[in-house]
>>> print(open('coords_10.txt').read())   # compact mmCIF, C-alpha atoms
# COMPACT_ATOMS: atom_id res chain seq x y z
CA MET A 714 -11.11 -6.52 -12.81
CA ILE A 715 -9.41 -6.82 -9.42
CA VAL A 716 -7.37 -3.68 -8.74
CA SER A 717 -4.96 -3.87 -5.80
CA ILE A 718 -3.61 -0.54 -4.52
CA HIS A 719 -0.12 -1.06 -3.14
CA ILE A 720 0.30 1.63 -0.52
CA PRO A 721 4.07 1.70 0.08
CA LYS A 722 5.36 -0.18 3.12
CA THR A 723 2.16 -2.09 3.90
CA ALA A 724 3.36 -5.58 2.84
CA GLY A 725 2.37 -4.85 -0.74
CA THR A 726 5.50 -6.53 -2.10
CA SER A 727 4.63 -9.74 -0.25
CA PHE A 728 1.06 -9.47 -1.52
CA LYS A 729 2.33 -8.93 -5.07
CA SER A 730 4.30 -12.16 -4.74
CA ASP A 731 1.20 -14.02 -3.53
CA LEU A 732 -0.90 -12.56 -6.35
CA SER A 733 1.76 -13.51 -8.89
CA ARG A 734 1.69 -17.11 -7.72
CA VAL A 735 -2.06 -17.20 -8.37
CA PHE A 736 -2.52 -15.05 -11.47
CA GLY A 737 0.85 -15.51 -13.18
CA ASP A 738 1.03 -13.48 -16.37
CA ARG A 739 -2.63 -12.48 -15.89
CA LEU A 740 -1.42 -10.00 -13.24
CA LEU A 741 -0.49 -6.51 -14.48
CA HIS A 742 2.27 -4.86 -12.43
CA ASP A 743 1.68 -1.10 -12.52
CA TYR A 744 4.53 0.82 -10.90
CA ASP A 745 4.97 3.65 -13.39
CA ASP A 746 3.18 6.44 -11.51
CA TRP A 747 4.69 9.06 -9.19
CA PRO A 748 1.65 9.64 -6.97
CA GLU A 749 3.49 11.22 -4.03
CA SER A 750 5.78 13.51 -5.98
CA THR A 751 5.25 17.27 -6.07
CA VAL A 752 8.02 18.04 -8.57
CA PRO A 753 7.03 19.83 -11.79
CA GLY A 754 5.68 17.40 -14.33
CA ALA A 755 4.77 14.64 -11.87
CA ARG A 756 1.02 15.17 -12.16
CA ALA A 757 1.22 15.36 -15.97
CA HIS A 758 3.26 12.14 -15.92
CA ASP A 759 0.51 10.32 -13.99
CA GLU A 760 -2.25 11.84 -16.12
CA ARG A 761 -0.57 10.50 -19.25
CA ASN A 762 -0.45 7.07 -17.65
CA ARG A 763 -4.14 7.30 -16.77
CA ALA A 764 -5.00 8.34 -20.34
CA ALA A 765 -3.06 5.38 -21.71
CA VAL A 766 -4.98 3.03 -19.42
CA VAL A 767 -8.32 4.43 -20.56
CA ALA A 768 -7.28 4.16 -24.21
CA GLU A 769 -6.19 0.53 -23.79
CA ALA A 770 -8.91 -0.56 -21.35
CA GLY A 771 -10.31 -3.22 -23.66
CA ALA A 772 -6.93 -4.78 -24.36
CA ILE A 773 -6.00 -4.69 -20.66
CA ALA A 774 -9.25 -6.44 -19.72
CA GLU A 775 -8.61 -9.19 -22.27
CA ARG A 776 -5.04 -9.82 -21.16
CA TYR A 777 -5.26 -9.40 -17.37
CA ASP A 778 -7.50 -10.46 -14.49
CA ALA A 779 -5.87 -8.32 -11.80
CA ILE A 780 -3.72 -5.20 -11.44
CA HIS A 781 -1.34 -4.38 -8.58
CA GLY A 782 0.95 -1.42 -8.04
CA HIS A 783 1.69 2.04 -6.69
CA PHE A 784 -1.14 4.26 -7.95
CA LEU A 785 -4.03 6.26 -6.55
CA ALA A 786 -7.41 4.58 -6.23
CA GLY A 787 -8.94 6.96 -8.75
CA LYS A 788 -6.69 5.78 -11.58
CA TYR A 789 -8.87 2.78 -12.39
CA ARG A 790 -12.26 3.95 -11.20
CA GLY A 791 -14.71 3.81 -14.09
CA VAL A 792 -12.19 2.31 -16.51
CA PHE A 793 -13.65 -1.21 -16.61
CA PRO A 794 -17.32 -2.29 -16.48
CA VAL A 795 -16.67 -3.89 -13.07
CA THR A 796 -13.76 -2.93 -10.84
CA ALA A 797 -13.11 -4.46 -7.40
CA LEU A 798 -10.66 -2.34 -5.40
CA VAL A 799 -8.56 -3.88 -2.62
CA THR A 800 -5.70 -2.64 -0.45
CA MET A 801 -3.69 -3.22 2.73
CA VAL A 802 -3.08 -0.61 5.42
CA ARG A 803 -0.65 -0.55 8.33
CA ASP A 804 -0.36 0.86 11.83
CA PRO A 805 0.52 4.53 11.08
CA TYR A 806 3.33 4.74 13.63
CA GLN A 807 5.03 1.59 12.34
CA HIS A 808 4.37 2.71 8.79
CA ALA A 809 6.12 6.04 9.33
CA VAL A 810 9.32 4.46 10.66
CA SER A 811 9.24 1.76 8.00
CA THR A 812 8.97 4.32 5.20
CA TYR A 813 11.91 6.27 6.57
CA GLU A 814 14.07 3.16 6.95
CA GLU A 815 13.34 2.16 3.36
CA ALA A 816 14.22 5.61 2.04
CA ALA A 817 17.40 5.76 4.12
CA ARG A 818 18.63 2.41 2.76
CA ARG A 819 18.05 3.27 -0.86
CA GLY A 820 20.81 4.52 -3.08
CA ILE A 821 20.37 7.01 -5.89
CA SER A 822 16.90 6.60 -7.38
CA PRO A 823 15.20 8.20 -10.41
CA HIS A 824 12.00 8.55 -8.36
CA PRO A 825 11.47 12.28 -7.53
CA GLY A 826 10.36 11.53 -3.97
CA PHE A 827 13.51 9.60 -3.10
CA ARG A 828 15.69 12.22 -4.75
CA ARG A 829 14.10 14.90 -2.58
CA PHE A 830 14.59 12.79 0.55
CA LYS A 831 18.30 12.40 -0.18
CA GLU A 832 18.93 15.95 -1.36
CA GLU A 833 17.22 17.57 1.64
CA GLY A 834 18.66 15.15 4.19
CA MET A 835 15.27 14.60 5.77
CA THR A 836 14.86 13.30 9.29
CA LEU A 837 12.03 10.93 10.18
CA VAL A 838 9.94 13.78 11.55
CA ASP A 839 10.67 15.82 8.41
CA LEU A 840 9.40 12.95 6.26
CA ILE A 841 6.20 12.59 8.28
CA GLU A 842 5.50 16.31 7.93
CA ALA A 843 6.35 16.28 4.21
CA SER A 844 3.86 13.47 3.47
CA PRO A 845 0.80 14.00 5.68
CA ASN A 846 -1.80 11.22 5.80
CA HIS A 847 0.42 9.10 3.60
CA GLN A 848 -1.84 6.05 3.44
CA SER A 849 -5.13 7.94 3.16
CA PHE A 850 -3.66 9.87 0.24
CA TYR A 851 -3.67 6.72 -1.89
CA LEU A 852 -7.42 6.25 -1.44
CA GLY A 853 -8.24 9.90 -2.06
CA THR A 854 -11.99 10.42 -2.19
CA THR A 855 -12.72 6.69 -2.48
CA PRO A 856 -14.61 5.62 0.67
CA LEU A 857 -13.24 2.59 2.46
CA GLU A 858 -16.71 1.05 2.21
CA GLU A 859 -16.39 0.95 -1.59
CA LEU A 860 -13.42 -1.40 -1.44
CA ALA A 861 -14.27 -5.04 -2.03
CA MET A 862 -11.69 -5.99 0.57
CA VAL A 863 -9.25 -4.27 2.92
CA GLY A 864 -6.49 -5.99 4.88
CA LEU A 865 -4.07 -5.11 7.65
CA THR A 866 -0.32 -5.63 7.48
CA GLU A 867 -0.35 -6.82 11.07
CA ARG A 868 -2.92 -9.49 10.18
CA TYR A 869 -1.46 -10.42 6.84
CA ASP A 870 -2.31 -14.12 6.75
CA GLN A 871 -5.93 -13.48 7.68
CA SER A 872 -6.12 -10.65 5.13
CA VAL A 873 -4.87 -12.91 2.34
CA ALA A 874 -7.34 -15.60 3.39
CA LEU A 875 -10.13 -13.03 3.23
CA PHE A 876 -9.03 -11.94 -0.24
CA GLY A 877 -9.29 -15.54 -1.37
CA ALA A 878 -12.73 -15.94 0.18
CA VAL A 879 -14.08 -12.71 -1.34
CA PHE A 880 -12.99 -13.65 -4.86
CA GLY A 881 -13.27 -17.43 -4.64
CA ILE A 882 -9.56 -17.96 -5.13
CA ALA A 883 -7.33 -20.50 -3.39
CA MET A 884 -4.54 -18.28 -2.07
CA PRO A 885 -1.22 -19.89 -1.11
CA ARG A 886 0.44 -18.81 2.11
CA ALA A 887 3.71 -17.00 1.44
CA VAL A 888 6.75 -18.92 2.61
CA THR A 889 8.89 -15.81 2.99
CA ARG A 890 8.14 -12.14 3.40
CA LYS A 891 9.39 -9.78 0.72
CA ASN A 892 11.28 -6.49 1.03
CA VAL A 893 12.10 -6.92 4.71
CA ASN A 894 14.45 -4.67 6.65
CA PRO A 895 17.62 -6.74 7.28
CA ASP A 896 18.61 -4.48 10.19
CA LYS A 897 15.30 -4.51 12.01
CA ALA A 898 15.43 -5.83 15.57
CA GLY A 899 12.24 -7.60 16.61
CA VAL A 900 8.85 -7.47 14.98
CA ALA A 901 8.00 -3.84 15.76
CA TYR A 902 9.87 -0.56 15.60
CA GLU A 903 10.28 1.48 18.76
CA ILE A 904 8.17 4.63 18.50
CA THR A 905 9.86 7.61 20.12
CA PRO A 906 7.79 10.45 21.63
CA ASP A 907 8.71 12.90 18.88
CA VAL A 908 7.63 10.45 16.18
CA ARG A 909 4.37 9.73 18.00
CA ARG A 910 3.63 13.45 18.26
CA ALA A 911 4.41 13.96 14.56
CA VAL A 912 2.16 11.09 13.45
CA ASP A 913 -0.65 12.29 15.75
CA ARG A 914 -0.39 15.76 14.20
CA TRP A 915 0.25 14.99 10.55
CA ARG A 916 -1.43 11.62 10.06
CA ALA A 917 -4.67 11.78 12.00
CA GLU A 918 -6.59 10.60 8.93
CA ASP A 919 -4.31 7.57 8.68
CA ILE A 920 -4.99 6.74 12.33
CA ALA A 921 -8.73 6.88 11.64
CA LEU A 922 -8.28 4.87 8.43
CA TYR A 923 -6.41 2.13 10.26
CA ARG A 924 -9.13 1.86 12.89
CA LYS A 925 -11.90 1.72 10.27
CA ALA A 926 -9.94 -0.81 8.20
CA GLY A 927 -9.66 -3.08 11.22
CA GLU A 928 -13.40 -2.85 11.78
CA ARG A 929 -14.14 -3.56 8.11
CA LEU A 930 -11.73 -6.49 8.06
CA ALA A 931 -13.48 -8.00 11.08
CA LYS A 932 -16.93 -7.56 9.51
CA LEU A 933 -15.89 -9.05 6.17
CA CYS A 934 -14.21 -11.99 7.89
CA ALA A 935 -17.44 -12.65 9.75
CA VAL A 936 -19.45 -12.49 6.53
CA TYR A 937 -17.11 -14.84 4.65
CA GLY A 938 -16.38 -17.13 7.57
CA VAL A 939 -12.66 -16.40 7.74
CA SER A 940 -11.35 -17.14 11.22
CA ARG A 941 -8.76 -14.93 12.81
CA ARG A 942 -5.40 -16.52 12.30
CA LYS A 943 -2.33 -15.88 14.38
CA THR A 944 -1.80 -12.14 14.58
CA PHE A 945 1.76 -10.91 14.05
CA MET A 946 3.56 -7.73 13.12
CA MET A 947 4.71 -8.13 9.55
CA ASN A 948 8.52 -7.96 9.49
CA THR A 949 8.64 -5.58 6.57
CA THR A 950 10.76 -2.46 6.53
>>> encode(input="coords_10.txt", output="structure tokens")
Amino acid sequence: MIVSIHIPKTAGTSFKSDLSRVFGDRLLHDYDDWPESTVPGARAHDERNRAAVVAEAGAIAERYDAIHGHFLAGKYRGVFPVTALVTMVRDPYQHAVSTYEEAARRGISPHPGFRRFKEEGMTLVDLIEASPNHQSFYLGTTPLEELAMVGLTERYDQSVALFGAVFGIAMPRAVTRKNVNPDKAGVAYEITPDVRRAVDRWRAEDIALYRKAGERLAKLCAVYGVSRRKTFMMNTT
């Protein structure tokens, strides 16, 4: 089973679209968890979802070839006889601004995390402090080396090509990018000094993760003969 961890704001919506074009109804979309929420009942909510997955593992394996969604890496570890984990990560500074812009644009949402953001009137720095090591959190104790493939948002086309090479799948190139910020000027957000300081302080593990992911991407591309395609900053909010 291919299990794709969609870390928010890392081009996961675009990747979901690409996966859907390949797997069709053999792709399970799993967006029911609340992994980042600290409200009472959030952990129990996710544990119930995990228990349901374990109970239905056989049926899931028969019906689906891949899973993609917002969940922690540990949710599917040990559930199927063979599990290949994959994910995308993004430059932590760009990721921080992108996450804030997405939250600011959203209206009322049932998700506890977005409700808290709105109710507390968080600033960008507040959000960074409230969710330290945001991307690393999704991998938890799962070492990056255990992932069958890791991609970078900034090298999306090459990452998708690598995914196809690793699993022997002909991956189409996306014509359009999904979930983009309509108000974004240029391909990269400006990083102000206060945001840079906040990311350096609260997301040091994400900075290290991004560096290691880039190194692993390069190594895997060399192994599978995937050339480096044009590098660009994904225009995703």
>>> atom_distance(input="coords_10.txt", atom1="atom CA of A:Tyr806", atom2="atom CA of A:Met884")
29.0 Å
>>> closest_residue(input="coords_10.txt", among="A:Ile773, A:Ser733, A:Val766, A:Ala757", to="A:Met714", atoms="all atoms listed in the file")
A:Ile773
>>> residues_around(input="coords_10.txt", residues="stretch 903-908 of chain A", least_positions_apart="6", cutoff="8 Å", atoms="only C-alpha atoms", output="number ranges by chain")
A: 806-807, 810, 837-838
>>> write_last_selection(input="coords_10.txt", atoms="C-alpha atoms", output="CSV table (one decimal), in the coordinates of the input")
chain,number,residue,atom,x,y,z
A,806,TYR,CA,3.3,4.7,13.6
A,807,GLN,CA,5.0,1.6,12.3
A,810,VAL,CA,9.3,4.5,10.7
A,837,LEU,CA,12.0,10.9,10.2
A,838,VAL,CA,9.9,13.8,11.6
>>> atom_distance(input="coords_10.txt", atom1="atom CA of A:Val799", atom2="atom CA of A:His781")
9.4 Å
>>> residues_around(input="coords_10.txt", residues="A:Tyr777", least_positions_apart="5", cutoff="7 Å", atoms="all atoms listed in the file", output="list in words")
Arg739, Leu740 and Leu741 of chain A
>>> closest_residue(input="coords_10.txt", among="A:Phe830, A:Thr812, A:Ala883, A:Pro805", to="A:Arg916", atoms="all atoms listed in the file")
A:Pro805
>>> residues_around(input="coords_10.txt", residues="A:Glu928", least_positions_apart="2", cutoff="12 Å", atoms="only C-alpha atoms", output="list in words")
Leu857, Glu858, Met862, Val863, Gly864, Leu865, Ala921, Leu922, Tyr923, Arg924, Lys925, Ala926, Leu930, Ala931, Lys932, Leu933, Cys934 and Ala935 of chain A
>>> residues_around(input="coords_10.txt", residues="A:Leu852", least_positions_apart="2", cutoff="9 Å", atoms="only C-alpha atoms", output="NGL selection string")
:A and (718 or 785-787 or 848-850 or 854-857)
>>> atom_distance(input="coords_10.txt", atom1="atom CA of A:Ser844", atom2="atom CA of A:Asp743")
21.7 Å
>>> closest_residue(input="coords_10.txt", among="A:Asp759, A:Glu842, A:Glu859, A:Glu775", to="A:Arg929", atoms="all atoms listed in the file")
A:Glu859
>>> closest_residue(input="coords_10.txt", among="A:Arg914, A:Arg803, A:Ser940, A:Ala816", to="A:Gly927", atoms="only C-alpha atoms")
A:Arg803
>>> closest_residue(input="coords_10.txt", among="A:Ala764, A:Ile920, A:Val939, A:Ala774", to="A:Val873", atoms="all atoms listed in the file")
A:Val939
>>> decode(input="coords_10.txt", residues="stretch 733-755 of chain A", atoms="N, CA, C and O atoms", output="CSV table (one decimal), in the first residue's frame")
chain,number,residue,atom,x,y,z
A,733,SER,N,-4.9,11.1,-8.2
A,733,SER,CA,-6.3,10.8,-8.6
A,733,SER,C,-6.4,10.5,-10.1
A,733,SER,O,-7.1,9.6,-10.5
A,734,ARG,N,-5.6,11.2,-10.9
A,734,ARG,CA,-5.6,10.9,-12.3
A,734,ARG,C,-5.0,9.5,-12.6
A,734,ARG,O,-5.3,8.9,-13.7
A,735,VAL,N,-4.1,9.1,-11.7
A,735,VAL,CA,-3.5,7.8,-12.0
A,735,VAL,C,-4.3,6.6,-11.3
A,735,VAL,O,-4.6,5.6,-12.0
A,736,PHE,N,-4.7,6.8,-10.1
A,736,PHE,CA,-5.3,5.7,-9.3
A,736,PHE,C,-6.8,5.7,-9.4
A,736,PHE,O,-7.5,4.7,-9.2
A,737,GLY,N,-7.5,6.8,-9.8
A,737,GLY,CA,-8.9,6.9,-9.8
A,737,GLY,C,-9.6,6.5,-8.5
A,737,GLY,O,-9.2,7.0,-7.5
A,738,ASP,N,-10.5,5.6,-8.6
A,738,ASP,CA,-11.2,5.2,-7.4
A,738,ASP,C,-10.5,4.2,-6.5
A,738,ASP,O,-11.0,3.7,-5.5
A,739,ARG,N,-9.2,3.9,-7.0
A,739,ARG,CA,-8.3,3.1,-6.2
A,739,ARG,C,-7.5,3.9,-5.2
A,739,ARG,O,-6.7,3.4,-4.5
A,740,LEU,N,-7.8,5.2,-5.1
A,740,LEU,CA,-7.1,6.1,-4.2
A,740,LEU,C,-8.1,6.5,-3.1
A,740,LEU,O,-9.2,7.0,-3.3
A,741,LEU,N,-7.7,6.2,-1.8
A,741,LEU,CA,-8.5,6.6,-0.7
A,741,LEU,C,-8.1,7.9,-0.2
A,741,LEU,O,-6.9,8.2,0.1
A,742,HIS,N,-9.0,8.9,-0.1
A,742,HIS,CA,-8.8,10.2,0.4
A,742,HIS,C,-9.1,10.2,1.9
A,742,HIS,O,-10.3,10.0,2.3
A,743,ASP,N,-8.1,10.4,2.7
A,743,ASP,CA,-8.3,10.3,4.2
A,743,ASP,C,-8.0,11.7,4.8
A,743,ASP,O,-6.9,12.1,5.1
A,744,TYR,N,-9.1,12.5,5.0
A,744,TYR,CA,-9.0,13.8,5.6
A,744,TYR,C,-9.9,14.0,6.8
A,744,TYR,O,-10.3,15.1,7.1
A,745,ASP,N,-10.0,12.9,7.6
A,745,ASP,CA,-10.9,12.9,8.7
A,745,ASP,C,-10.2,13.2,10.0
A,745,ASP,O,-10.9,13.5,11.0
A,746,ASP,N,-8.9,13.1,10.1
A,746,ASP,CA,-8.2,13.3,11.3
A,746,ASP,C,-8.0,14.8,11.7
A,746,ASP,O,-8.1,15.7,10.8
A,747,TRP,N,-7.8,15.1,12.9
A,747,TRP,CA,-7.4,16.4,13.4
A,747,TRP,C,-6.0,16.4,14.1
A,747,TRP,O,-5.9,16.6,15.3
A,748,PRO,N,-5.0,16.1,13.3
A,748,PRO,CA,-3.7,15.8,13.9
A,748,PRO,C,-3.1,17.0,14.7
A,748,PRO,O,-2.3,16.8,15.6
A,749,GLU,N,-3.4,18.2,14.3
A,749,GLU,CA,-2.8,19.4,14.9
A,749,GLU,C,-3.5,20.0,16.1
A,749,GLU,O,-3.1,20.8,16.8
A,750,SER,N,-4.8,19.5,16.2
A,750,SER,CA,-5.6,20.1,17.2
A,750,SER,C,-5.3,19.7,18.7
A,750,SER,O,-4.9,18.5,18.9
A,751,THR,N,-5.4,20.6,19.6
A,751,THR,CA,-5.2,20.3,21.0
A,751,THR,C,-6.4,20.4,21.8
A,751,THR,O,-6.4,20.3,23.1
A,752,VAL,N,-7.6,20.6,21.2
A,752,VAL,CA,-8.8,20.7,21.9
A,752,VAL,C,-9.2,19.4,22.5
A,752,VAL,O,-8.8,18.3,22.0
A,753,PRO,N,-10.0,19.4,23.6
A,753,PRO,CA,-10.4,18.2,24.2
A,753,PRO,C,-11.1,17.3,23.2
A,753,PRO,O,-12.0,17.7,22.5
A,754,GLY,N,-10.8,16.0,23.2
A,754,GLY,CA,-11.4,15.1,22.3
A,754,GLY,C,-10.8,14.9,21.0
A,754,GLY,O,-11.1,13.9,20.3
A,755,ALA,N,-9.8,15.7,20.6
A,755,ALA,CA,-9.2,15.6,19.3
A,755,ALA,C,-8.4,14.3,19.2
A,755,ALA,O,-8.4,13.6,18.2
